[in-house]
Each structure stands twice: as C-alpha cells, then as structure tokens.
$ cat query-v6.json   # JSON, C-alpha atoms and all ligand atoms
[["chain", "number", "residue", "atom", "x", "y", "z"],
["A", 1, "MET", "CA", 170.33, 196.92, 11.09],
["A", 2, "THR", "CA", 168.78, 195.06, 8.21],
["A", 3, "ASP", "CA", 165.08, 194.27, 8.50],
["A", 4, "LEU", "CA", 163.12, 191.31, 7.37],
["A", 5, "ILE", "CA", 160.93, 192.34, 4.47],
["A", 6, "GLN", "CA", 157.60, 190.55, 4.69],
["A", 7, "VAL", "CA", 156.28, 188.69, 1.62],
["A", 8, "ASN", "CA", 153.38, 186.90, 3.32],
["A", 9, "GLU", "CA", 152.48, 185.78, 6.81],
["A", 10, "GLU", "CA", 155.33, 183.29, 7.15],
["A", 11, "ILE", "CA", 157.81, 184.30, 4.48],
["A", 12, "TYR", "CA", 160.32, 187.15, 4.51],
["A", 13, "TYR", "CA", 163.52, 188.10, 2.79],
["A", 14, "ILE", "CA", 166.55, 190.15, 3.75],
["A", 15, "ALA", "CA", 167.82, 192.53, 1.07],
["A", 16, "HIS", "CA", 171.57, 192.91, 1.55],
["A", 17, "ASP", "CA", 174.31, 192.20, -1.04],
["A", 18, "ALA", "CA", 171.83, 189.61, -2.28],
["A", 19, "ASN", "CA", 168.30, 188.60, -1.29],
["A", 20, "TYR", "CA", 168.26, 185.91, 1.41],
["A", 21, "GLY", "CA", 165.00, 184.08, 2.10],
["A", 22, "VAL", "CA", 163.56, 183.56, 5.57],
["A", 23, "VAL", "CA", 160.73, 181.01, 5.88],
["A", 24, "LEU", "CA", 158.98, 180.09, 9.12],
["A", 25, "THR", "CA", 159.09, 176.34, 9.68],
["A", 26, "GLY", "CA", 157.46, 176.35, 13.13],
["A", 27, "ASP", "CA", 156.13, 178.81, 15.72],
["A", 28, "ASP", "CA", 159.50, 180.41, 16.39],
["A", 29, "THR", "CA", 161.89, 178.55, 14.07],
["A", 30, "CYS", "CA", 162.83, 179.33, 10.50],
["A", 31, "ALA", "CA", 164.93, 178.28, 7.54],
["A", 32, "VAL", "CA", 167.09, 180.75, 5.62],
["A", 33, "ILE", "CA", 167.76, 180.45, 1.92],
["A", 34, "ASP", "CA", 171.43, 181.26, 1.24],
["A", 35, "THR", "CA", 173.66, 183.05, 3.73],
["A", 36, "GLY", "CA", 175.80, 185.62, 1.91],
["A", 37, "MET", "CA", 179.54, 185.76, 1.71],
["A", 38, "ASP", "CA", 181.03, 185.62, 5.19],
["A", 39, "ASP", "CA", 180.67, 185.99, 8.97],
["A", 40, "ASP", "CA", 179.39, 189.56, 8.49],
["A", 41, "SER", "CA", 176.43, 188.44, 6.40],
["A", 42, "ALA", "CA", 175.79, 185.62, 8.91],
["A", 43, "GLN", "CA", 175.70, 188.13, 11.79],
["A", 44, "LEU", "CA", 173.38, 190.35, 9.84],
["A", 45, "ILE", "CA", 171.01, 187.42, 9.26],
["A", 46, "LEU", "CA", 171.06, 186.44, 12.95],
["A", 47, "ALA", "CA", 170.40, 190.04, 14.01],
["A", 48, "ALA", "CA", 167.42, 190.25, 11.65],
["A", 49, "LEU", "CA", 166.00, 186.95, 12.97],
["A", 50, "ASP", "CA", 166.55, 188.10, 16.54],
["A", 51, "VAL", "CA", 164.33, 191.14, 16.05],
["A", 52, "LYS", "CA", 161.43, 188.76, 15.30],
["A", 53, "GLY", "CA", 162.46, 186.29, 18.03],
["A", 54, "LEU", "CA", 163.16, 183.59, 15.42],
["A", 55, "LYS", "CA", 165.56, 180.69, 15.93],
["A", 56, "LEU", "CA", 167.47, 179.35, 12.94],
["A", 57, "GLY", "CA", 166.74, 175.67, 12.34],
["A", 58, "ALA", "CA", 167.94, 175.16, 8.79],
["A", 59, "ILE", "CA", 169.88, 176.64, 5.91],
["A", 60, "ILE", "CA", 168.90, 175.85, 2.34],
["A", 61, "ASN", "CA", 171.73, 176.61, -0.08],
["A", 62, "THR", "CA", 170.82, 176.98, -3.73],
["A", 63, "HIS", "CA", 174.38, 176.55, -5.03],
["A", 64, "SER", "CA", 178.01, 176.59, -4.00],
["A", 65, "HIS", "CA", 179.18, 180.07, -5.00],
["A", 66, "ALA", "CA", 180.98, 181.62, -2.04],
["A", 67, "ASP", "CA", 178.59, 184.60, -1.92],
["A", 68, "HIS", "CA", 175.69, 182.19, -1.31],
["A", 69, "TYR", "CA", 177.05, 179.92, 1.43],
["A", 70, "GLY", "CA", 179.86, 181.95, 3.02],
["A", 71, "GLY", "CA", 177.72, 182.69, 6.10],
["A", 72, "ASN", "CA", 177.07, 178.97, 6.77],
["A", 73, "ASN", "CA", 180.20, 178.32, 8.84],
["A", 74, "TYR", "CA", 179.33, 181.01, 11.39],
["A", 75, "LEU", "CA", 175.60, 180.21, 11.49],
["A", 76, "VAL", "CA", 176.14, 176.47, 12.01],
["A", 77, "LYS", "CA", 178.63, 177.15, 14.83],
["A", 78, "GLU", "CA", 176.28, 179.63, 16.51],
["A", 79, "THR", "CA", 172.99, 177.76, 16.13],
["A", 80, "GLY", "CA", 173.72, 174.12, 15.25],
["A", 81, "CYS", "CA", 171.26, 174.46, 12.34],
["A", 82, "LYS", "CA", 170.96, 171.82, 9.61],
["A", 83, "VAL", "CA", 172.29, 172.50, 6.10],
["A", 84, "TYR", "CA", 170.58, 171.39, 2.87],
["A", 85, "ALA", "CA", 172.42, 171.74, -0.46],
["A", 86, "PRO", "CA", 172.24, 170.17, -3.94],
["A", 87, "ALA", "CA", 174.56, 167.25, -4.79],
["A", 88, "LEU", "CA", 177.82, 168.37, -6.38],
["A", 89, "GLU", "CA", 177.33, 171.87, -4.97],
["A", 90, "ALA", "CA", 177.53, 170.20, -1.53],
["A", 91, "ALA", "CA", 180.89, 168.67, -2.45],
["A", 92, "ILE", "CA", 182.29, 172.14, -3.16],
["A", 93, "MET", "CA", 180.83, 173.61, 0.06],
["A", 94, "GLN", "CA", 182.50, 170.81, 2.02],
["A", 95, "ASN", "CA", 185.76, 171.40, 0.10],
["A", 96, "PRO", "CA", 185.81, 175.15, -0.67],
["A", 97, "SER", "CA", 189.27, 175.10, -2.28],
["A", 98, "LEU", "CA", 187.58, 173.35, -5.23],
["A", 99, "GLU", "CA", 186.10, 176.71, -6.31],
["A", 100, "PRO", "CA", 189.41, 178.53, -7.03],
["A", 101, "PHE", "CA", 190.73, 175.18, -8.31],
["A", 102, "TYR", "CA", 188.04, 174.81, -11.00],
["A", 103, "ILE", "CA", 188.03, 178.51, -11.83],
["A", 104, "TYR", "CA", 191.80, 178.43, -12.47],
["A", 105, "GLY", "CA", 192.20, 174.80, -13.53],
["A", 106, "ALA", "CA", 195.15, 174.20, -11.20],
["A", 107, "ASP", "CA", 196.25, 175.35, -7.78],
["A", 108, "ALA", "CA", 195.33, 179.03, -8.04],
["A", 109, "PRO", "CA", 197.24, 182.21, -7.14],
["A", 110, "GLU", "CA", 196.33, 183.62, -3.72],
["A", 111, "GLU", "CA", 194.28, 186.40, -5.33],
["A", 112, "LEU", "CA", 191.76, 183.75, -6.39],
["A", 113, "LYS", "CA", 191.51, 182.32, -2.87],
["A", 114, "GLN", "CA", 189.87, 185.42, -1.36],
["A", 115, "PRO", "CA", 186.40, 185.26, 0.28],
["A", 116, "PHE", "CA", 184.42, 185.99, -2.94],
["A", 117, "MET", "CA", 185.99, 182.91, -4.56],
["A", 118, "MET", "CA", 186.51, 180.68, -1.53],
["A", 119, "ALA", "CA", 184.21, 180.67, 1.49],
["A", 120, "LYS", "CA", 184.83, 178.97, 4.83],
["A", 121, "VAL", "CA", 184.00, 175.27, 4.84],
["A", 122, "SER", "CA", 180.35, 174.31, 5.45],
["A", 123, "PRO", "CA", 178.91, 170.99, 6.59],
["A", 124, "VAL", "CA", 176.02, 169.59, 4.53],
["A", 125, "ASP", "CA", 173.51, 167.39, 6.35],
["A", 126, "GLU", "CA", 171.07, 166.55, 3.61],
["A", 127, "LEU", "CA", 171.00, 166.79, -0.18],
["A", 128, "LEU", "CA", 168.52, 169.21, -1.72],
["A", 129, "LYS", "CA", 166.88, 167.46, -4.65],
["A", 130, "GLU", "CA", 163.75, 167.48, -6.78],
["A", 131, "PRO", "CA", 160.84, 167.23, -6.32],
["A", 132, "GLY", "CA", 160.83, 168.68, -2.81],
["A", 133, "LEU", "CA", 161.40, 168.44, 0.92],
["A", 134, "GLN", "CA", 159.72, 169.14, 4.20],
["A", 135, "ILE", "CA", 161.34, 171.19, 6.95],
["A", 136, "GLY", "CA", 159.27, 171.50, 10.13],
["A", 137, "ASN", "CA", 155.73, 172.38, 9.08],
["A", 138, "LYS", "CA", 156.74, 173.73, 5.66],
["A", 139, "LYS", "CA", 156.79, 171.94, 2.31],
["A", 140, "PHE", "CA", 159.28, 173.23, -0.28],
["A", 141, "ALA", "CA", 159.18, 172.39, -3.97],
["A", 142, "VAL", "CA", 162.72, 172.01, -5.33],
["A", 143, "ILE", "CA", 163.28, 173.05, -8.95],
["A", 144, "SER", "CA", 166.48, 172.50, -10.95],
["A", 145, "LEU", "CA", 168.07, 175.75, -12.13],
["A", 146, "LYS", "CA", 171.38, 174.41, -13.37],
["A", 147, "GLY", "CA", 173.48, 176.38, -15.85],
["A", 148, "HIS", "CA", 174.75, 179.24, -13.71],
["A", 149, "SER", "CA", 176.41, 176.54, -11.63],
["A", 150, "PRO", "CA", 176.51, 172.77, -12.21],
["A", 151, "ASN", "CA", 173.52, 171.81, -10.05],
["A", 152, "GLN", "CA", 171.84, 174.98, -8.80],
["A", 153, "MET", "CA", 168.35, 174.45, -7.32],
["A", 154, "GLY", "CA", 165.57, 176.92, -6.57],
["A", 155, "VAL", "CA", 162.96, 176.40, -3.84],
["A", 156, "MET", "CA", 159.31, 177.40, -3.74],
["A", 157, "THR", "CA", 156.93, 177.44, -0.82],
["A", 158, "GLU", "CA", 153.44, 178.95, -0.52],
["A", 159, "GLY", "CA", 153.69, 180.52, -3.97],
["A", 160, "VAL", "CA", 157.01, 182.25, -3.27],
["A", 161, "PHE", "CA", 159.83, 181.07, -5.55],
["A", 162, "PHE", "CA", 163.40, 181.74, -4.48],
["A", 163, "CYS", "CA", 165.00, 181.45, -7.91],
["A", 164, "SER", "CA", 168.58, 182.25, -6.90],
["A", 165, "ASP", "CA", 171.00, 183.07, -9.73],
["A", 166, "ALA", "CA", 168.85, 181.64, -12.53],
["A", 167, "LEU", "CA", 168.51, 185.20, -13.82],
["A", 168, "PHE", "CA", 169.96, 188.65, -13.16],
["A", 169, "SER", "CA", 168.87, 192.27, -13.23],
["A", 170, "LEU", "CA", 169.40, 194.51, -16.25],
["A", 171, "LYS", "CA", 171.87, 196.50, -14.14],
["A", 172, "ALA", "CA", 173.94, 193.36, -13.53],
["A", 173, "TRP", "CA", 173.98, 192.55, -17.27],
["A", 174, "GLN", "CA", 175.07, 196.10, -18.09],
["A", 175, "ARG", "CA", 177.88, 195.98, -15.54],
["A", 176, "LEU", "CA", 179.18, 192.43, -16.00],
["A", 177, "ILE", "CA", 178.28, 191.61, -19.65],
["A", 178, "LEU", "CA", 179.64, 188.03, -19.50],
["A", 179, "ILE", "CA", 177.47, 186.97, -16.55],
["A", 180, "TYR", "CA", 178.81, 183.81, -15.03],
["A", 181, "THR", "CA", 177.59, 180.52, -16.43],
["A", 182, "VAL", "CA", 179.06, 177.04, -16.72],
["A", 183, "ASN", "CA", 176.48, 175.75, -19.22],
["A", 184, "VAL", "CA", 174.71, 178.17, -21.55],
["A", 185, "GLY", "CA", 172.12, 175.69, -22.91],
["A", 186, "GLU", "CA", 171.13, 174.61, -19.39],
["A", 187, "MET", "CA", 170.98, 178.24, -18.25],
["A", 188, "ILE", "CA", 168.51, 179.08, -21.05],
["A", 189, "LYS", "CA", 166.41, 176.00, -20.19],
["A", 190, "SER", "CA", 166.40, 177.01, -16.51],
["A", 191, "ILE", "CA", 165.20, 180.52, -17.33],
["A", 192, "GLU", "CA", 162.41, 179.03, -19.49],
["A", 193, "ARG", "CA", 161.57, 176.77, -16.52],
["A", 194, "VAL", "CA", 161.39, 179.78, -14.15],
["A", 195, "LYS", "CA", 158.88, 181.43, -16.51],
["A", 196, "LYS", "CA", 156.54, 178.42, -16.21],
["A", 197, "VAL", "CA", 156.62, 178.18, -12.40],
["A", 198, "PRO", "CA", 153.19, 179.22, -11.09],
["A", 199, "ALA", "CA", 154.55, 181.47, -8.34],
["A", 200, "ARG", "CA", 152.88, 184.60, -6.99],
["A", 201, "THR", "CA", 156.25, 186.12, -6.06],
["A", 202, "PHE", "CA", 159.66, 185.48, -7.59],
["A", 203, "ILE", "CA", 162.69, 186.36, -5.49],
["A", 204, "PRO", "CA", 165.94, 186.22, -7.49],
["A", 205, "SER", "CA", 169.14, 186.67, -5.47],
["A", 206, "HIS", "CA", 170.39, 189.58, -7.55],
["A", 207, "ALA", "CA", 167.26, 191.33, -8.84],
["A", 208, "VAL", "CA", 164.21, 193.00, -7.33],
["A", 209, "PRO", "CA", 161.45, 190.57, -6.27],
["A", 210, "THR", "CA", 158.51, 190.61, -8.65],
["A", 211, "ALA", "CA", 155.05, 189.13, -9.21],
["A", 212, "ASP", "CA", 155.71, 188.71, -12.93],
["A", 213, "ILE", "CA", 159.09, 187.36, -13.99],
["A", 214, "THR", "CA", 158.36, 187.19, -17.74],
["A", 215, "ASP", "CA", 160.05, 190.44, -18.79],
["A", 216, "LEU", "CA", 163.19, 189.80, -16.74],
["A", 217, "ALA", "CA", 163.38, 186.20, -17.99],
["A", 218, "ASP", "CA", 163.04, 187.33, -21.62],
["A", 219, "LEU", "CA", 165.68, 190.00, -21.07],
["A", 220, "ASN", "CA", 168.09, 187.38, -19.68],
["A", 221, "ILE", "CA", 167.54, 185.05, -22.64],
["A", 222, "ALA", "CA", 167.95, 187.94, -25.10],
["A", 223, "ARG", "CA", 171.25, 188.98, -23.46],
["A", 224, "ILE", "CA", 172.56, 185.39, -23.60],
["A", 225, "GLN", "CA", 171.58, 185.04, -27.27],
["A", 226, "SER", "CA", 173.11, 188.38, -28.15],
["A", 227, "LEU", "CA", 176.42, 187.35, -26.53],
["A", 228, "ALA", "CA", 176.34, 184.09, -28.49],
["A", 229, "ASP", "CA", 175.79, 186.15, -31.67],
["A", 230, "ASP", "CA", 178.68, 188.47, -30.77],
["A", 231, "ILE", "CA", 181.00, 185.48, -30.41],
["A", 232, "LEU", "CA", 179.79, 183.95, -33.69],
["A", 233, "HIS", "CA", 180.51, 187.26, -35.40],
["A", 234, "ILE", "CA", 184.01, 187.48, -33.90],
["A", 235, "VAL", "CA", 185.03, 183.95, -34.94],
["A", 236, "ARG", "CA", 184.23, 184.51, -38.60],
["A", 237, "GLU", "CA", 187.99, 185.12, -38.46],
["A", 238, "PRO", "CA", 189.66, 182.21, -36.60],
["A", 239, "ALA", "CA", 190.56, 183.49, -33.12],
["A", 240, "THR", "CA", 192.11, 182.31, -29.87],
["A", 241, "VAL", "CA", 190.01, 182.35, -26.73],
["A", 242, "ASP", "CA", 191.96, 185.36, -25.43],
["A", 243, "THR", "CA", 191.32, 187.30, -28.65],
["A", 244, "ILE", "CA", 187.59, 186.54, -28.44],
["A", 245, "LEU", "CA", 187.52, 187.62, -24.80],
["A", 246, "TRP", "CA", 189.37, 190.82, -25.62],
["A", 247, "GLU", "CA", 186.94, 191.62, -28.47],
["A", 248, "VAL", "CA", 183.80, 190.98, -26.38],
["A", 249, "ASN", "CA", 185.04, 193.12, -23.49],
["A", 250, "ASP", "CA", 186.23, 195.81, -25.89],
["A", 251, "LYS", "CA", 182.85, 195.96, -27.63],
["A", 252, "TYR", "CA", 181.08, 196.57, -24.30],
["A", 253, "HIS", "CA", 183.82, 198.79, -22.80],
["A", 254, "VAL", "CA", 184.51, 196.36, -19.96],
["A", 255, "GLU", "CA", 187.87, 196.96, -18.33],
["A", 256, "VAL", "CA", 189.36, 193.78, -16.83],
["A", 257, "THR", "CA", 191.56, 194.68, -13.88],
["A", 258, "SER", "CA", 191.83, 191.59, -11.67],
["A", 259, "LEU", "CA", 192.59, 187.87, -11.96],
["A", 260, "GLN", "CA", 189.20, 187.17, -10.45],
["A", 261, "GLN", "CA", 187.35, 189.19, -13.08],
["A", 262, "TYR", "CA", 189.54, 187.75, -15.86],
["A", 263, "TYR", "CA", 188.94, 184.10, -14.96],
["A", 264, "LEU", "CA", 185.21, 184.55, -14.37],
["A", 265, "CYS", "CA", 184.89, 186.15, -17.84],
["A", 266, "LEU", "CA", 187.20, 183.57, -19.44],
["A", 267, "ASN", "CA", 185.33, 180.57, -18.04],
["A", 268, "THR", "CA", 182.00, 182.06, -19.02],
["A", 269, "LEU", "CA", 183.29, 182.60, -22.55],
["A", 270, "LYS", "CA", 184.43, 178.96, -22.61],
["A", 271, "ALA", "CA", 180.90, 177.92, -21.62],
["A", 272, "TYR", "CA", 179.61, 179.87, -24.67],
["A", 273, "LEU", "CA", 182.19, 178.16, -26.91],
["A", 274, "SER", "CA", 181.02, 174.70, -25.69],
["A", 275, "TYR", "CA", 177.43, 175.73, -26.36],
["A", 276, "LEU", "CA", 178.15, 176.97, -29.90],
["A", 277, "LEU", "CA", 180.24, 173.85, -30.60],
["A", 278, "GLU", "CA", 177.39, 171.63, -29.40],
["A", 279, "GLU", "CA", 174.99, 173.54, -31.67],
["A", 280, "ASP", "CA", 177.39, 172.89, -34.61],
["A", 281, "LEU", "CA", 177.79, 176.64, -35.17],
["A", 282, "ILE", "CA", 181.55, 176.72, -34.56],
["A", 283, "ASN", "CA", 184.49, 174.36, -34.58],
["A", 284, "TYR", "CA", 188.18, 174.61, -33.82],
["A", 285, "LYS", "CA", 191.54, 173.87, -35.31],
["A", 286, "PHE", "CA", 195.15, 173.95, -34.20],
["A", 287, "ASP", "CA", 197.43, 176.28, -36.12],
["A", 288, "ALA", "CA", 201.11, 176.46, -35.16],
["A", 289, "ASN", "CA", 200.23, 175.32, -31.64],
["A", 290, "ARG", "CA", 197.46, 177.88, -31.28],
["A", 291, "LEU", "CA", 193.89, 176.70, -30.62],
["A", 292, "LEU", "CA", 191.67, 178.70, -32.98],
["A", 293, "TRP", "CA", 187.86, 178.87, -32.86],
["A", 294, "ARG", "CA", 185.92, 179.68, -36.02],
["A", 295, "THR", "CA", 182.42, 179.60, -37.46],
["A", 296, "VAL", "CA", 181.39, 176.51, -39.40],
["A", 297, "GLU", "CA", 181.64, 177.26, -43.13],
["B", 1, "ZN", "ZN", 176.09, 182.33, -8.15]]
$ encode --input "query-v6.json" --output "structure tokens"
Amino acid sequence: MTDLIQVNEEIYYIAHDANYGVVLTGDDTCAVIDTGMDDDSAQLILAALDVKGLKLGAIINTHSHADHYGGNNYLVKETGCKVYAPALEAAIMQNPSLEPFYIYGADAPEELKQPFMMAKVSPVDELLKEPGLQIGNKKFAVISLKGHSPNQMGVMTEGVFFCSDALFSLKAWQRLILIYTVNVGEMIKSIERVKKVPARTFIPSHAVPTADITDLADLNIARIQSLADDILHIVREPATVDTILWEVNDKYHVEVTSLQQYYLCLNTLKAYLSYLLEEDLINYKFDANRLLWRTVE
C-alpha cells in the first residue's frame, strides 16, 4: 500500500513511479495532480485516498505524457471525476495515438504504441490555463512550464508548487543524459521561472520534494547548457543527426537498445539543433543528399 505523504494540513503527495499531488478541495473531496501510467497507478491512487476517506472530484494533468495521465481513464470511469488539462496537451490526451505519431513522425511501429508512449484515452472537461483556477474551496495558481512538452503547466496552492517535469533529479540526468525536451529555450525559461516562484515546497514529478529548488534548477540548466556545448563541439565537423546522436551517447556511455529510447533521444537532439540554429550557432547544408549540421564559421 502506498501512503499519502503529508505536506501541510490539506496537501499530500503519493511517491510512486512519480510524485502525484493530492489536494483537499472540500471536507472529504480532493483533486489529484497527474495519475501515473496506467490502471495500476490509478488503483494505487484510489487505495491511498480510501485510507483517508477521500473522494476524488478532479484530476489536474500537467501535460500529456503517458506516464502523467495514463491513470485518468480508470479514475474517470470509477469516480466520474472532472479532468483539467492544458490546451494542446488535452488534444493528445483525447487522441493518445498522437504521441507515438509525433515521436515517430508517421504511423509508428507497435513497439512505440506501448503504455509508456500511448496511454488509454482520457476525457478533458476544462482547459488548465494561466493565471489560475478554483476547484471546490481551493485556489490554484497555474504557471506555464512549457519546453519539456509543448504546453506543460505547473500548479501551486497554499505555497506548494507541483512543478511536474520542468526539472529532473541528478540521478535522472546521469541515467538518461538527453532528457526529453521539445523546446530547449522554453525549457530553460521555465526552469528560471520555477526558481522565482515564491513556494515553500516544490514537488517535481521526478525528484525529491524540497523547500529550496535553486540548486536543482541550476543543475538542470547547467546540464542543458553542457549538452548544447557537446553538440556544438561535435558539429565543428559537419555531421548527420545520427552521427551527432551516436557521438553524444558514446561520450556518456549510453547504450541505446530500444526504438522507444532511440526516438526519445533523437527527438530531444533535434530540439537542441533547433535551439542552436535559432541562436545562430549552427546551420545546415545538404551534401550528396545528406543533411549535415555544422557550427557557424
Ligand atoms: Zn513528461
């Protein structure tokens, strides 16, 4: 059984594969923030709420990655709760095959349609947007954290900021190296934004909750900048995207062994290439039908 970990009188989180928020919105009703990957995580959330006699009234989803909304389908069927999600992310949750589709860029092989990449469909009742919303007796501030996904949002209530996948633990950086992002510039801006939020507790999805996020935020920005520098170094010699990916993974001893891992790394690398292109630090040319990236002379 997974317990609710208390943050303050009316706010808890569940530490499982990720941290899910639980916020009281009435005497015996609550909202959860993100729902994990599948029916199992949904059942675990319901069991934890049951121990406290809490009924689920609402789900707030921060973004549309399958490991953040995969429990929705089960929870909505079981409880009839309302779902809040950011625009664009909501479109993917309502059409989950879009995730393997955008990761692969065409209809994807079955291996990319597994639960981690494609959750069960979720309804969305209301869009989650800045500056905030009210659910029951609770006010939530909504803060844009785009970059890791196109329109990720964090929510803060009573000084507790659920900052989702805006930043990751050192352990995650050491294991994954090319941590998933669709927009590097926006991801850096979002991390800077997190640093300025006057929260008493920060609860990232994939790092230990903390009262002071500064060190973790700085570490995330440093890792992103160091990857950008690695890529700049590699493309001093014109290189294809696959060569760059091979060199980055080789440098950090990452062994790519699945289509899922390959495409997540590849798309993240492409986000870095867009960022460096935008910053006028690299450009590209075609050479005998090969697309080559290189540093600007
Ligand atoms: Zn994510």
$ residues_around --input "query-v6.json" --residues "Ile45 of chain A" --least-positions-apart "4" --cutoff "8 Å" --atoms "all atoms listed in the file" --output "list in words"
Ile14, Thr35, Ser41 and Leu49 of chain A
$ residues_near_ligand --input "query-v6.json" --ligand "ligand ZN 1 (chain B)" --cutoff "12 Å" --atoms "only C-alpha atoms and all ligand atoms" --output "PyMOL selection string"
chain A and resi 18+34+36-37+61-70+89+99+116-117+145-154+163-168+179-182+204-206+264
$ closest_residue --input "query-v6.json" --among "A:Gln6, A:Thr25, A:Thr214, A:Ser169" --to "Gly57 of chain A" --atoms "all atoms listed in the file"
A:Thr25
$ atom_distance --input "query-v6.json" --atom1 "atom CA of Tyr84 of chain A" --atom2 "atom CA of Arg193 of chain A"
22.0 Å
$ atom_distance --input "query-v6.json" --atom1 "atom CA of Leu88 of chain A" --atom2 "atom CA of Arg175 of chain A"
29.1 Å
$ atom_distance --input "query-v6.json" --atom1 "atom CA of Ser144 of chain A" --atom2 "atom CA of Lys129 of chain A"
8.1 Å
$ residues_around --input "query-v6.json" --residues "Phe101 of chain A" --least-positions-apart "4" --cutoff "12 Å" --atoms "only C-alpha atoms" --output "ChimeraX atom specification"
/A:92,95-97,105-110,112-113,117-118,263
$ closest_residue --input "query-v6.json" --among "A:Gln225, A:Gln134, A:Asn72, A:Thr257" --to "Asp39 of chain A" --atoms "all atoms listed in the file"
A:Asn72
$ residues_around --input "query-v6.json" --residues "segment 159-161 of chain A" --least-positions-apart "6" --cutoff "10 Å" --atoms "all atoms listed in the file" --output "short mmCIF file (atom, residue, chain, number, x, y, z; two decimals) with C-alpha atoms, in the coordinates of the input"
data_model
loop_
_atom_site.label_atom_id
_atom_site.label_comp_id
_atom_site.auth_asym_id
_atom_site.auth_seq_id
_atom_site.Cartn_x
_atom_site.Cartn_y
_atom_site.Cartn_z
CA VAL A 7 156.28 188.69 1.62
CA ASN A 8 153.38 186.90 3.32
CA ILE A 11 157.81 184.30 4.48
CA TYR A 12 160.32 187.15 4.51
CA GLY A 21 165.00 184.08 2.10
CA VAL A 23 160.73 181.01 5.88
CA PHE A 140 159.28 173.23 -0.28
CA ALA A 141 159.18 172.39 -3.97
CA VAL A 142 162.72 172.01 -5.33
CA ILE A 143 163.28 173.05 -8.95
CA VAL A 194 161.39 179.78 -14.15
CA VAL A 197 156.62 178.18 -12.40
CA PRO A 198 153.19 179.22 -11.09
CA ALA A 199 154.55 181.47 -8.34
CA ARG A 200 152.88 184.60 -6.99
CA THR A 201 156.25 186.12 -6.06
CA PHE A 202 159.66 185.48 -7.59
CA ILE A 203 162.69 186.36 -5.49
CA PRO A 204 165.94 186.22 -7.49
CA PRO A 209 161.45 190.57 -6.27
CA ALA A 211 155.05 189.13 -9.21
#
$ residues_around --input "query-v6.json" --residues "Thr243 of chain A" --least-positions-apart "2" --cutoff "12 Å" --atoms "only C-alpha atoms" --output "VMD selection string"
chain A and resid 231 234 to 235 237 to 241 245 to 250 266 269 290 to 294
$ closest_residue --input "query-v6.json" --among "A:Asp287, A:Glu255, A:Asp3, A:Glu78" --to "Leu56 of chain A" --atoms "all atoms listed in the file"
A:Glu78
$ residues_near_point --input "query-v6.json" --point "(153.0, 171.6, 7.8)" --cutoff "12 Å" --atoms "only C-alpha atoms" --output "PDB file with C-alpha atoms, in the frame of the given file"
ATOM      1  CA  GLU A  10     155.330 183.290   7.150  1.00  0.00           C
ATOM      2  CA  LEU A  24     158.980 180.090   9.120  1.00  0.00           C
ATOM      3  CA  THR A  25     159.090 176.340   9.680  1.00  0.00           C
ATOM      4  CA  GLY A  26     157.460 176.350  13.130  1.00  0.00           C
ATOM      5  CA  ASP A  27     156.130 178.810  15.720  1.00  0.00           C
ATOM      6  CA  LEU A 133     161.400 168.440   0.920  1.00  0.00           C
ATOM      7  CA  GLN A 134     159.720 169.140   4.200  1.00  0.00           C
ATOM      8  CA  ILE A 135     161.340 171.190   6.950  1.00  0.00           C
ATOM      9  CA  GLY A 136     159.270 171.500  10.130  1.00  0.00           C
ATOM     10  CA  ASN A 137     155.730 172.380   9.080  1.00  0.00           C
ATOM     11  CA  LYS A 138     156.740 173.730   5.660  1.00  0.00           C
ATOM     12  CA  LYS A 139     156.790 171.940   2.310  1.00  0.00           C
ATOM     13  CA  PHE A 140     159.280 173.230  -0.280  1.00  0.00           C
ATOM     14  CA  THR A 157     156.930 177.440  -0.820  1.00  0.00           C
ATOM     15  CA  GLU A 158     153.440 178.950  -0.520  1.00  0.00           C
TER      16      GLU A 158
END
$ closest_residue --input "query-v6.json" --among "A:Gln260, A:Thr268, A:Thr295, A:Gln94" --to "Asn183 of chain A" --atoms "only C-alpha atoms"
A:Thr268
$ axis_aligned_box --input "query-v6.json" --around "segment 8-25 of chain A" --padding-each-side "8 Å" --output "JSON"
{"center_x": 163.4, "center_y": 184.6, "center_z": 3.7, "size_x": 37.8, "size_y": 32.6, "size_z": 28.0}
$ build_atoms --input "query-v6.json" --residues "segment 231-244 of chain A" --atoms "N, CA and C atoms" --output "short mmCIF file (atom, residue, chain, number, x, y, z; two decimals), keeping the file's coordinate frame"
data_model
loop_
_atom_site.label_atom_id
_atom_site.label_comp_id
_atom_site.auth_asym_id
_atom_site.auth_seq_id
_atom_site.Cartn_x
_atom_site.Cartn_y
_atom_site.Cartn_z
N ILE A 231 179.87 186.41 -30.30
CA ILE A 231 181.00 185.48 -30.41
C ILE A 231 181.03 184.87 -31.81
N LEU A 232 179.86 184.50 -32.33
CA LEU A 232 179.79 183.95 -33.69
C LEU A 232 180.34 184.95 -34.70
N HIS A 233 180.03 186.21 -34.50
CA HIS A 233 180.51 187.26 -35.40
C HIS A 233 182.04 187.36 -35.33
N ILE A 234 182.56 187.32 -34.09
CA ILE A 234 184.01 187.48 -33.90
C ILE A 234 184.77 186.33 -34.58
N VAL A 235 184.27 185.10 -34.44
CA VAL A 235 185.03 183.95 -34.94
C VAL A 235 184.77 183.66 -36.43
N ARG A 236 184.20 184.63 -37.13
CA ARG A 236 184.23 184.51 -38.60
C ARG A 236 185.68 184.52 -39.07
N GLU A 237 186.54 185.23 -38.30
CA GLU A 237 187.99 185.12 -38.46
C GLU A 237 188.48 184.21 -37.35
N PRO A 238 189.21 183.11 -37.66
CA PRO A 238 189.66 182.21 -36.60
C PRO A 238 190.38 182.99 -35.49
N ALA A 239 190.03 182.69 -34.23
CA ALA A 239 190.56 183.49 -33.12
C ALA A 239 190.83 182.62 -31.91
N THR A 240 191.85 182.99 -31.14
CA THR A 240 192.11 182.31 -29.87
C THR A 240 191.08 182.77 -28.84
N VAL A 241 190.98 182.01 -27.77
CA VAL A 241 190.01 182.35 -26.73
C VAL A 241 190.32 183.73 -26.14
N ASP A 242 191.61 184.05 -25.99
CA ASP A 242 191.96 185.36 -25.43
C ASP A 242 191.57 186.50 -26.39
N THR A 243 191.72 186.27 -27.68
CA THR A 243 191.32 187.30 -28.65
C THR A 243 189.81 187.52 -28.59
N ILE A 244 189.06 186.41 -28.51
CA ILE A 244 187.59 186.54 -28.44
C ILE A 244 187.20 187.31 -27.18
#
